[in-house]
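Reproduced below: start.cif, with mmCIF, C-alpha atoms.
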data_protein
loop_
_atom_site.label_atom_id
_atom_site.label_comp_id
_atom_site.auth_asym_id
_atom_site.auth_seq_id
_atom_site.Cartn_x
_atom_site.Cartn_y
_atom_site.Cartn_z
CA MET X 1 114.42 -77.66 -68.17
CA GLU X 2 115.33 -76.88 -64.59
CA ASP X 3 117.35 -74.05 -63.13
CA ASN X 4 119.34 -75.68 -60.35
CA ASN X 5 122.97 -75.12 -61.37
CA TYR X 6 123.48 -78.68 -62.56
CA ILE X 7 126.22 -78.22 -65.12
CA LEU X 8 124.94 -81.18 -67.18
CA GLY X 9 121.27 -80.26 -66.81
CA THR X 10 118.40 -82.50 -65.71
CA GLU X 11 116.32 -82.73 -68.88
CA ARG X 12 115.06 -86.02 -70.32
CA GLU X 13 118.10 -86.43 -72.57
CA GLU X 14 120.40 -86.28 -69.56
CA LEU X 15 118.12 -88.64 -67.63
CA ARG X 16 118.58 -91.26 -70.36
CA ARG X 17 122.34 -90.73 -70.29
CA LEU X 18 122.39 -91.31 -66.55
CA GLY X 19 120.48 -94.55 -67.05
CA LEU X 20 123.12 -95.65 -69.54
CA GLN X 21 125.86 -94.56 -67.14
CA HIS X 22 124.31 -96.69 -64.41
CA GLN X 23 124.45 -99.76 -66.63
CA VAL X 24 128.16 -99.14 -67.28
CA TRP X 25 129.10 -98.69 -63.62
CA ALA X 26 126.53 -100.86 -61.80
CA MET X 27 128.92 -103.77 -61.35
CA GLU X 28 131.55 -101.54 -59.73
CA ALA X 29 128.93 -100.04 -57.41
CA ARG X 30 127.77 -103.48 -56.32
CA LYS X 31 131.34 -104.62 -55.66
CA ALA X 32 131.85 -101.55 -53.45
CA TRP X 33 128.64 -102.26 -51.55
CA GLU X 34 129.86 -105.81 -50.93
CA ILE X 35 133.14 -104.47 -49.54
CA ALA X 36 131.12 -102.15 -47.29
CA GLU X 37 128.81 -105.03 -46.32
CA PHE X 38 125.64 -103.11 -47.06
CA ASP X 39 122.84 -105.47 -46.08
CA ALA X 40 119.18 -105.99 -45.21
CA GLY X 41 117.73 -103.83 -42.46
CA GLN X 42 120.28 -101.04 -42.74
CA CYS X 43 119.78 -97.30 -43.16
CA ILE X 44 121.89 -96.06 -46.07
CA LEU X 45 122.35 -92.52 -47.36
CA ASP X 46 122.62 -92.03 -51.13
CA LEU X 47 124.26 -88.61 -51.20
CA GLY X 48 123.60 -86.94 -54.54
CA SER X 49 121.19 -89.62 -55.72
CA GLY X 50 120.24 -87.99 -59.01
CA PRO X 51 117.24 -89.82 -60.48
CA GLY X 52 117.97 -92.74 -58.17
CA PHE X 53 119.24 -95.61 -60.27
CA CYS X 54 121.61 -96.60 -57.43
CA THR X 55 119.00 -95.67 -54.83
CA ARG X 56 116.62 -98.25 -56.27
CA ASP X 57 119.29 -100.97 -56.16
CA LEU X 58 120.25 -100.06 -52.60
CA ALA X 59 116.58 -100.10 -51.54
CA TYR X 60 116.29 -103.69 -52.74
CA ILE X 61 119.43 -104.57 -50.74
CA VAL X 62 118.17 -103.09 -47.44
CA GLY X 63 114.71 -104.57 -47.98
CA VAL X 64 111.47 -103.81 -46.18
CA GLY X 65 113.23 -103.59 -42.81
CA GLY X 66 115.73 -101.01 -44.00
CA LYS X 67 115.67 -97.56 -45.55
CA VAL X 68 117.55 -95.55 -48.14
CA ILE X 69 117.75 -91.77 -47.77
CA ALA X 70 118.03 -90.19 -51.21
CA VAL X 71 119.30 -86.61 -51.30
CA ASP X 72 119.40 -84.43 -54.40
CA LYS X 73 118.92 -80.75 -55.23
CA SER X 74 117.03 -81.46 -58.48
CA LYS X 75 113.25 -81.54 -58.13
CA ASN X 76 113.02 -83.26 -61.51
CA TYR X 77 115.15 -86.13 -60.24
CA ILE X 78 113.38 -86.37 -56.88
CA ASP X 79 110.00 -86.45 -58.66
CA PHE X 80 111.28 -89.18 -60.98
CA LEU X 81 112.52 -91.19 -58.00
CA GLU X 82 109.18 -90.76 -56.23
CA ASN X 83 107.54 -92.55 -59.17
CA VAL X 84 110.16 -95.32 -58.98
CA LYS X 85 109.55 -95.64 -55.25
CA GLN X 86 105.80 -96.02 -55.71
CA LEU X 87 106.11 -98.36 -58.69
CA HIS X 88 108.46 -100.77 -56.89
CA GLY X 89 107.08 -100.32 -53.37
CA LEU X 90 110.47 -99.41 -51.93
CA ASN X 91 111.35 -97.80 -48.60
CA ILE X 92 113.04 -94.59 -49.77
CA ASP X 93 113.13 -91.34 -47.83
CA LEU X 94 113.26 -88.58 -50.48
CA ARG X 95 114.89 -85.26 -49.61
CA HIS X 96 114.93 -82.40 -52.09
CA THR X 97 117.73 -80.21 -50.80
CA ASP X 98 121.29 -79.18 -51.48
CA PHE X 99 124.02 -80.61 -49.27
CA ASP X 100 124.61 -77.39 -47.37
CA ASN X 101 121.03 -77.41 -46.06
CA LEU X 102 120.84 -81.16 -45.48
CA ASP X 103 119.82 -82.04 -41.92
CA LEU X 104 120.91 -85.51 -40.78
CA SER X 105 120.77 -84.81 -37.05
CA ASN X 106 118.00 -87.35 -36.39
CA ASP X 107 119.37 -90.07 -38.67
CA GLN X 108 121.49 -93.05 -37.73
CA LEU X 109 123.32 -94.23 -40.79
CA ASP X 110 124.75 -97.70 -41.27
CA GLY X 111 126.18 -96.74 -44.64
CA VAL X 112 126.75 -93.91 -47.10
CA PHE X 113 127.22 -94.02 -50.86
CA VAL X 114 128.44 -91.00 -52.82
CA ARG X 115 129.61 -90.92 -56.43
CA TRP X 116 130.53 -87.92 -58.61
CA ALA X 117 129.12 -85.47 -56.06
CA LEU X 118 131.89 -84.32 -53.71
CA GLY X 119 134.01 -82.94 -56.55
CA TRP X 120 131.45 -80.21 -57.24
CA LEU X 121 131.45 -78.82 -53.69
CA SER X 122 133.29 -75.69 -52.58
CA ASP X 123 133.54 -77.06 -49.03
CA PRO X 124 133.29 -80.87 -49.11
CA MET X 125 134.66 -81.29 -45.58
CA SER X 126 131.72 -79.47 -44.01
CA VAL X 127 129.32 -81.82 -45.79
CA LEU X 128 131.35 -84.88 -44.88
CA GLU X 129 131.47 -83.79 -41.24
CA LYS X 130 127.67 -83.81 -40.90
CA VAL X 131 127.53 -87.15 -42.74
CA VAL X 132 130.11 -88.75 -40.45
CA ASP X 133 128.33 -87.34 -37.38
CA ALA X 134 125.17 -89.14 -38.51
CA MET X 135 126.96 -92.46 -39.04
CA LEU X 136 126.69 -95.15 -36.38
CA PRO X 137 129.88 -96.69 -34.98
CA GLY X 138 130.80 -99.34 -37.51
CA GLY X 139 129.06 -97.41 -40.27
CA VAL X 140 130.78 -97.44 -43.66
CA ILE X 141 131.09 -94.78 -46.36
CA VAL X 142 131.77 -95.59 -50.01
CA ALA X 143 133.00 -92.76 -52.22
CA GLN X 144 133.70 -92.99 -55.96
CA GLU X 145 135.14 -89.80 -57.44
CA TYR X 146 137.47 -88.63 -60.19
CA TYR X 147 141.19 -88.95 -59.43
CA GLU X 148 142.57 -87.32 -62.58
CA TRP X 149 140.00 -86.08 -65.09
CA ASN X 150 142.74 -85.00 -67.49
CA THR X 151 143.41 -88.65 -68.37
CA PHE X 152 140.40 -88.44 -70.73
CA THR X 153 142.19 -89.48 -73.93
CA ILE X 154 141.16 -90.37 -77.48
CA SER X 155 143.15 -92.52 -79.89
CA PRO X 156 143.86 -91.77 -82.64
CA GLN X 157 144.04 -88.07 -81.87
CA TYR X 158 141.60 -85.62 -83.47
CA PRO X 159 142.36 -81.93 -82.87
CA ALA X 160 138.81 -80.52 -82.78
CA LEU X 161 137.58 -83.29 -80.49
CA GLN X 162 140.56 -82.80 -78.19
CA THR X 163 139.82 -79.06 -78.09
CA GLY X 164 136.29 -79.93 -76.99
CA ILE X 165 137.53 -82.24 -74.24
CA ASP X 166 139.92 -79.57 -72.99
CA ALA X 167 137.05 -77.06 -72.93
CA ILE X 168 134.97 -79.43 -70.81
CA LEU X 169 137.61 -79.58 -68.10
CA LYS X 170 138.02 -75.80 -68.24
CA SER X 171 134.27 -75.35 -67.75
CA TYR X 172 134.30 -77.67 -64.74
CA ILE X 173 137.02 -75.61 -63.11
CA GLU X 174 135.72 -72.13 -63.96
CA VAL X 175 131.94 -72.58 -63.81
CA GLN X 176 131.16 -75.27 -61.28
CA GLY X 177 133.95 -74.75 -58.80
CA GLY X 178 135.04 -77.41 -56.34
CA ASP X 179 137.82 -79.88 -57.11
CA ILE X 180 136.94 -82.28 -59.92
CA ASN X 181 139.96 -84.41 -58.91
CA ILE X 182 138.86 -84.70 -55.28
CA GLY X 183 139.53 -88.44 -55.38
CA LYS X 184 143.20 -87.72 -54.68
CA ASN X 185 142.23 -86.30 -51.28
CA LEU X 186 139.49 -88.69 -50.16
CA SER X 187 141.69 -90.91 -47.99
CA SER X 188 143.21 -87.92 -46.17
CA TYR X 189 139.76 -86.34 -45.71
CA PHE X 190 138.44 -89.54 -44.16
CA PHE X 191 141.51 -89.86 -41.94
CA ASP X 192 141.02 -86.28 -40.70
CA LEU X 193 137.41 -87.14 -39.87
CA GLY X 194 138.48 -90.06 -37.71
CA LEU X 195 137.56 -92.80 -40.16
CA GLU X 196 139.60 -95.89 -40.98
CA VAL X 197 140.15 -96.52 -44.69
CA ILE X 198 139.57 -100.22 -45.35
CA SER X 199 139.75 -100.31 -49.14
CA THR X 200 140.92 -98.27 -52.12
CA ARG X 201 140.47 -99.25 -55.77
CA PRO X 202 141.31 -97.50 -59.04
CA LEU X 203 138.32 -97.37 -61.37
CA SER X 204 138.86 -96.88 -65.09
CA ARG X 205 137.26 -97.56 -68.46
CA LEU X 206 139.08 -98.05 -71.75
CA VAL X 207 136.39 -98.42 -74.39
CA THR X 208 136.33 -99.28 -78.09
CA PRO X 209 133.57 -98.56 -80.65
CA GLU X 210 132.23 -102.13 -80.80
CA GLN X 211 131.66 -102.21 -77.02
CA PHE X 212 128.44 -101.17 -75.31
CA HIS X 213 130.49 -99.04 -72.88
CA TRP X 214 131.52 -96.80 -75.80
CA GLN X 215 128.07 -95.25 -75.61
CA TRP X 216 128.88 -93.74 -72.21
CA PRO X 217 131.58 -91.22 -73.25
CA LYS X 218 129.88 -90.77 -76.63
CA SER X 219 126.55 -89.76 -75.09
CA PHE X 220 128.32 -87.47 -72.63
CA LEU X 221 130.15 -85.63 -75.42
CA GLU X 222 126.98 -85.38 -77.53
CA ILE X 223 125.07 -83.77 -74.66
CA TYR X 224 127.68 -81.60 -73.02
CA LEU X 225 129.72 -80.19 -75.88
CA PRO X 226 126.75 -78.16 -77.25
CA LYS X 227 126.20 -76.69 -73.76
CA LEU X 228 129.67 -75.16 -73.91
CA VAL X 229 128.50 -72.76 -76.61
CA ASN X 230 126.13 -70.94 -74.24
CA LEU X 231 128.78 -71.09 -71.53
CA GLY X 232 131.24 -69.35 -73.84
CA PHE X 233 133.91 -72.05 -73.99
CA LEU X 234 133.32 -73.19 -77.60
CA THR X 235 131.74 -71.83 -80.76
CA THR X 236 128.97 -73.61 -82.64
CA LYS X 237 131.42 -74.49 -85.40
CA GLN X 238 133.92 -75.92 -82.93
CA VAL X 239 131.21 -78.18 -81.52
CA GLU X 240 130.18 -79.29 -85.00
CA TYR X 241 133.78 -80.15 -85.89
CA ALA X 242 134.33 -81.97 -82.58
CA LEU X 243 131.22 -84.12 -82.95
CA ASP X 244 132.03 -84.85 -86.59
CA GLU X 245 135.44 -86.12 -85.47
CA LEU X 246 133.80 -88.20 -82.72
CA TYR X 247 131.70 -89.98 -85.36
CA GLN X 248 134.79 -90.42 -87.53
CA LEU X 249 136.64 -91.92 -84.59
CA GLU X 250 133.81 -94.37 -84.07
CA GLN X 251 134.34 -95.80 -87.57
CA ILE X 252 138.06 -96.54 -87.14
CA ASP X 253 139.19 -100.08 -86.35
CA GLY X 254 141.31 -100.02 -83.22
CA ALA X 255 140.04 -96.63 -82.00
CA SER X 256 139.70 -96.16 -78.25
CA ILE X 257 138.71 -93.72 -75.53
CA LEU X 258 140.33 -93.77 -72.10
CA CYS X 259 137.73 -92.31 -69.74
CA PRO X 260 138.81 -90.10 -66.81
CA GLN X 261 140.58 -92.01 -64.04
CA MET X 262 138.51 -92.56 -60.89
CA ILE X 263 139.16 -93.90 -57.43
CA GLU X 264 136.99 -95.69 -54.89
CA VAL X 265 137.65 -95.24 -51.19
CA VAL X 266 135.78 -97.20 -48.52
CA ALA X 267 136.13 -96.13 -44.89
CA ILE X 268 134.60 -97.25 -41.58
CA LYS X 269 133.70 -95.24 -38.48
CA PRO X 270 135.38 -96.86 -35.45
#
Represent the supplied structure as structure tokens.
Amino acid sequence: MEDNNYILGTEREELRRLGLQHQVWAMEARKAWEIAEFDAGQCILDLGSGPGFCTRDLAYIVGVGGKVIAVDKSKNYIDFLENVKQLHGLNIDLRHTDFDNLDLSNDQLDGVFVRWALGWLSDPMSVLEKVVDAMLPGGVIVAQEYYEWNTFTISPQYPALQTGIDAILKSYIEVQGGDINIGKNLSSYFFDLGLEVISTRPLSRLVTPEQFHWQWPKSFLEIYLPKLVNLGFLTTKQVEYALDELYQLEQIDGASILCPQMIEVVAIKP
């Protein structure tokens, strides 16, 4: 366990979930990196790297002549990524810090990748300003964030499970702060910072029980719903009922989960 204000925690169970999450979204990340033309020899910032599943992939892209700067406030995740770095012999600059204290003044960035990180910040513009200042002319930033989290929908409907989903969104708003739907504002933020938006893409997942991708929302609900008891948003019984309905849903032919709607915005520094 680690006390660092990560609303989902950083314990081993969450680490495994993030590995699963990476498998679900790796193809979309790679497509974004192709749009941004991330390539060998570049210096790329992975802002909010977590345990570094994307950092590792980016480090292989930039190769021995390039570098990936991985930034995260979790020591558990940075330590995990240090082991990955040593095991694979990758050129990764590890920085254990929160975004407010991040110093990029001596860096020259060819690219930036950020996913599910800006929406937790109380002042994302101040962080983006220092990132853009560190970008070289022609540098590209890729951001993938939630556009409308409230689109998280289950079919057929189960009342206890829906109550749990509603409580999750409430906890995001009341406990973590920031704007979970920051994706709606990314293009305007980048415009205000003098960047040129070169690509936008909606990112969504509609999953069914027989698909591998079903395990992504399932594992998230299994891990996070119990945490809402200590946070005061659900009772133990409510969590038990919600998870029981999740497992019932999984047994129904034609059941589905529409995961929260995301957006990808890619912008270049003139």
Inset, instruction - In the coordinate frame of the file, compute which residues have an atom within 10 Å of (116.9, -100.3, -54.4) when using only C-alpha atoms, and state them as a VMD selection string. - result: chain X and resid 52 to 63 67 to 68 84 to 85 88 to 92
Inset, instruction - Just give me the gap between CA of Ile223 in chain X and CA of Glu14 in chain X in Å, one decimal is fine. - result: 7.4 Å
Legend entry - Output of the PyMOL selection byres ((chain X and resi 202-219) around 10), listed as a PyMOL selection string: chain X and resi 13-14+16-25+28+144-147+151-155+183+200-201+220-224+243+246-247+249-265
Selected residues, C-alpha atoms, written as a compact mmCIF listing (two decimals), in the coordinates of the input, please.
# COMPACT_ATOMS: atom_id res chain seq x y z
CA GLU X 13 118.10 -86.43 -72.57
CA GLU X 14 120.40 -86.28 -69.56
CA ARG X 16 118.58 -91.26 -70.36
CA ARG X 17 122.34 -90.73 -70.29
CA LEU X 18 122.39 -91.31 -66.55
CA GLY X 19 120.48 -94.55 -67.05
CA LEU X 20 123.12 -95.65 -69.54
CA GLN X 21 125.86 -94.56 -67.14
CA HIS X 22 124.31 -96.69 -64.41
CA GLN X 23 124.45 -99.76 -66.63
CA VAL X 24 128.16 -99.14 -67.28
CA TRP X 25 129.10 -98.69 -63.62
CA GLU X 28 131.55 -101.54 -59.73
CA GLN X 144 133.70 -92.99 -55.96
CA GLU X 145 135.14 -89.80 -57.44
CA TYR X 146 137.47 -88.63 -60.19
CA TYR X 147 141.19 -88.95 -59.43
CA THR X 151 143.41 -88.65 -68.37
CA PHE X 152 140.40 -88.44 -70.73
CA THR X 153 142.19 -89.48 -73.93
CA ILE X 154 141.16 -90.37 -77.48
CA SER X 155 143.15 -92.52 -79.89
CA GLY X 183 139.53 -88.44 -55.38
CA THR X 200 140.92 -98.27 -52.12
CA ARG X 201 140.47 -99.25 -55.77
CA PHE X 220 128.32 -87.47 -72.63
CA LEU X 221 130.15 -85.63 -75.42
CA GLU X 222 126.98 -85.38 -77.53
CA ILE X 223 125.07 -83.77 -74.66
CA TYR X 224 127.68 -81.60 -73.02
CA LEU X 243 131.22 -84.12 -82.95
CA LEU X 246 133.80 -88.20 -82.72
CA TYR X 247 131.70 -89.98 -85.36
CA LEU X 249 136.64 -91.92 -84.59
CA GLU X 250 133.81 -94.37 -84.07
CA GLN X 251 134.34 -95.80 -87.57
CA ILE X 252 138.06 -96.54 -87.14
CA ASP X 253 139.19 -100.08 -86.35
CA GLY X 254 141.31 -100.02 -83.22
CA ALA X 255 140.04 -96.63 -82.00
CA SER X 256 139.70 -96.16 -78.25
CA ILE X 257 138.71 -93.72 -75.53
CA LEU X 258 140.33 -93.77 -72.10
CA CYS X 259 137.73 -92.31 -69.74
CA PRO X 260 138.81 -90.10 -66.81
CA GLN X 261 140.58 -92.01 -64.04
CA MET X 262 138.51 -92.56 -60.89
CA ILE X 263 139.16 -93.90 -57.43
CA GLU X 264 136.99 -95.69 -54.89
CA VAL X 265 137.65 -95.24 -51.19
Inset, instruction - For CA of Lys227 in chain X and CA of Pro159 in chain X, determine how far apart the two atoms are, in Å to one decimal place. - result: 19.3 Å
Inset, instruction - Please evaluate the PyMOL selection byres ((chain X and resi 228-235) around 12) against the structure above and give the resulting residues as a ChimeraX atom specification. - result: /X:7-8,160-161,163-176,221-227,236-242
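Note that the spacing between CA of Asp179 in chain X and CA of Met125 in chain X amounts to 12.0 Å.
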Legend entry - Answer key for the PyMOL selection byres ((chain X and resi 266) around 9), residues as a ChimeraX atom specification: /X:32,35-36,140-144,187,196-201,264-265,267-268
Legend entry - Selected residue, from X:Leu193, X:Val64, X:Leu94, X:Arg30, that lies nearest to Gly50 in chain X when counting all atoms listed in the file: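 Smallest separation from Gly50 in chain X among the options: X:Leu94.
By all atoms listed in the file, and with residues fewer than 3 positions from range 98-103 of chain X along its chain excluded, the set lying at most 9 Å from it is Leu47, Gly48, Val71, Asp72, Lys73, Ser74, Arg95, Asn106, Asp107, Leu121, Ser126, Val127 and Lys130 of chain X.
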Legend entry - Closest of X:Ser49, X:Asn181, X:Gln162, X:Asn150 to Thr97 in chain X - atom-to-atom distances counting all atoms listed in the file: X:Ser49
Legend entry - Test item: residues at most 6 Å from Gly178 in chain X, only C-alpha atoms, excluding those fewer than 4 positions along its chain, as a PyMOL selection string: chain X and resi 119-122
Complete the atom set of range 39-56 of chain X to N, CA and C atoms and return it as a tab-separated table (two decimals), keeping the file's coordinate frame.
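result-v4.tsv was written with the following content:
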chain	number	residue	atom	x	y	z
X	39	ASP	N	123.65	-104.26	-46.23
X	39	ASP	CA	122.84	-105.47	-46.08
X	39	ASP	C	121.41	-105.12	-45.65
X	40	ALA	N	120.59	-106.14	-45.57
X	40	ALA	CA	119.18	-105.99	-45.21
X	40	ALA	C	119.04	-105.34	-43.84
X	41	GLY	N	118.04	-104.46	-43.72
X	41	GLY	CA	117.73	-103.83	-42.46
X	41	GLY	C	118.51	-102.57	-42.15
X	42	GLN	N	119.45	-102.20	-43.01
X	42	GLN	CA	120.28	-101.04	-42.74
X	42	GLN	C	119.63	-99.74	-43.22
X	43	CYS	N	120.14	-98.64	-42.69
X	43	CYS	CA	119.78	-97.30	-43.16
X	43	CYS	C	120.97	-96.74	-43.92
X	44	ILE	N	120.79	-96.49	-45.20
X	44	ILE	CA	121.89	-96.06	-46.07
X	44	ILE	C	121.54	-94.74	-46.73
X	45	LEU	N	122.49	-93.83	-46.72
X	45	LEU	CA	122.35	-92.52	-47.36
X	45	LEU	C	122.94	-92.57	-48.77
X	46	ASP	N	122.14	-92.20	-49.76
X	46	ASP	CA	122.62	-92.03	-51.13
X	46	ASP	C	122.77	-90.52	-51.34
X	47	LEU	N	123.99	-90.04	-51.19
X	47	LEU	CA	124.26	-88.61	-51.20
X	47	LEU	C	124.49	-88.13	-52.63
X	48	GLY	N	123.56	-87.34	-53.14
X	48	GLY	CA	123.60	-86.94	-54.54
X	48	GLY	C	123.03	-88.05	-55.41
X	49	SER	N	121.81	-88.43	-55.11
X	49	SER	CA	121.19	-89.62	-55.72
X	49	SER	C	120.86	-89.45	-57.19
X	50	GLY	N	120.73	-88.18	-57.65
X	50	GLY	CA	120.24	-87.99	-59.01
X	50	GLY	C	118.86	-88.61	-59.14
X	51	PRO	N	118.55	-89.21	-60.30
X	51	PRO	CA	117.24	-89.82	-60.48
X	51	PRO	C	117.08	-91.15	-59.76
X	52	GLY	N	118.13	-91.62	-59.09
X	52	GLY	CA	117.97	-92.74	-58.17
X	52	GLY	C	118.19	-94.13	-58.72
X	53	PHE	N	118.99	-94.27	-59.75
X	53	PHE	CA	119.24	-95.61	-60.27
X	53	PHE	C	119.97	-96.46	-59.23
X	54	CYS	N	120.94	-95.87	-58.52
X	54	CYS	CA	121.61	-96.60	-57.43
X	54	CYS	C	120.71	-96.69	-56.21
X	55	THR	N	119.92	-95.66	-55.96
X	55	THR	CA	119.00	-95.67	-54.83
X	55	THR	C	118.06	-96.87	-54.90
X	56	ARG	N	117.52	-97.11	-56.08
X	56	ARG	CA	116.62	-98.25	-56.27
X	56	ARG	C	117.33	-99.56	-55.93
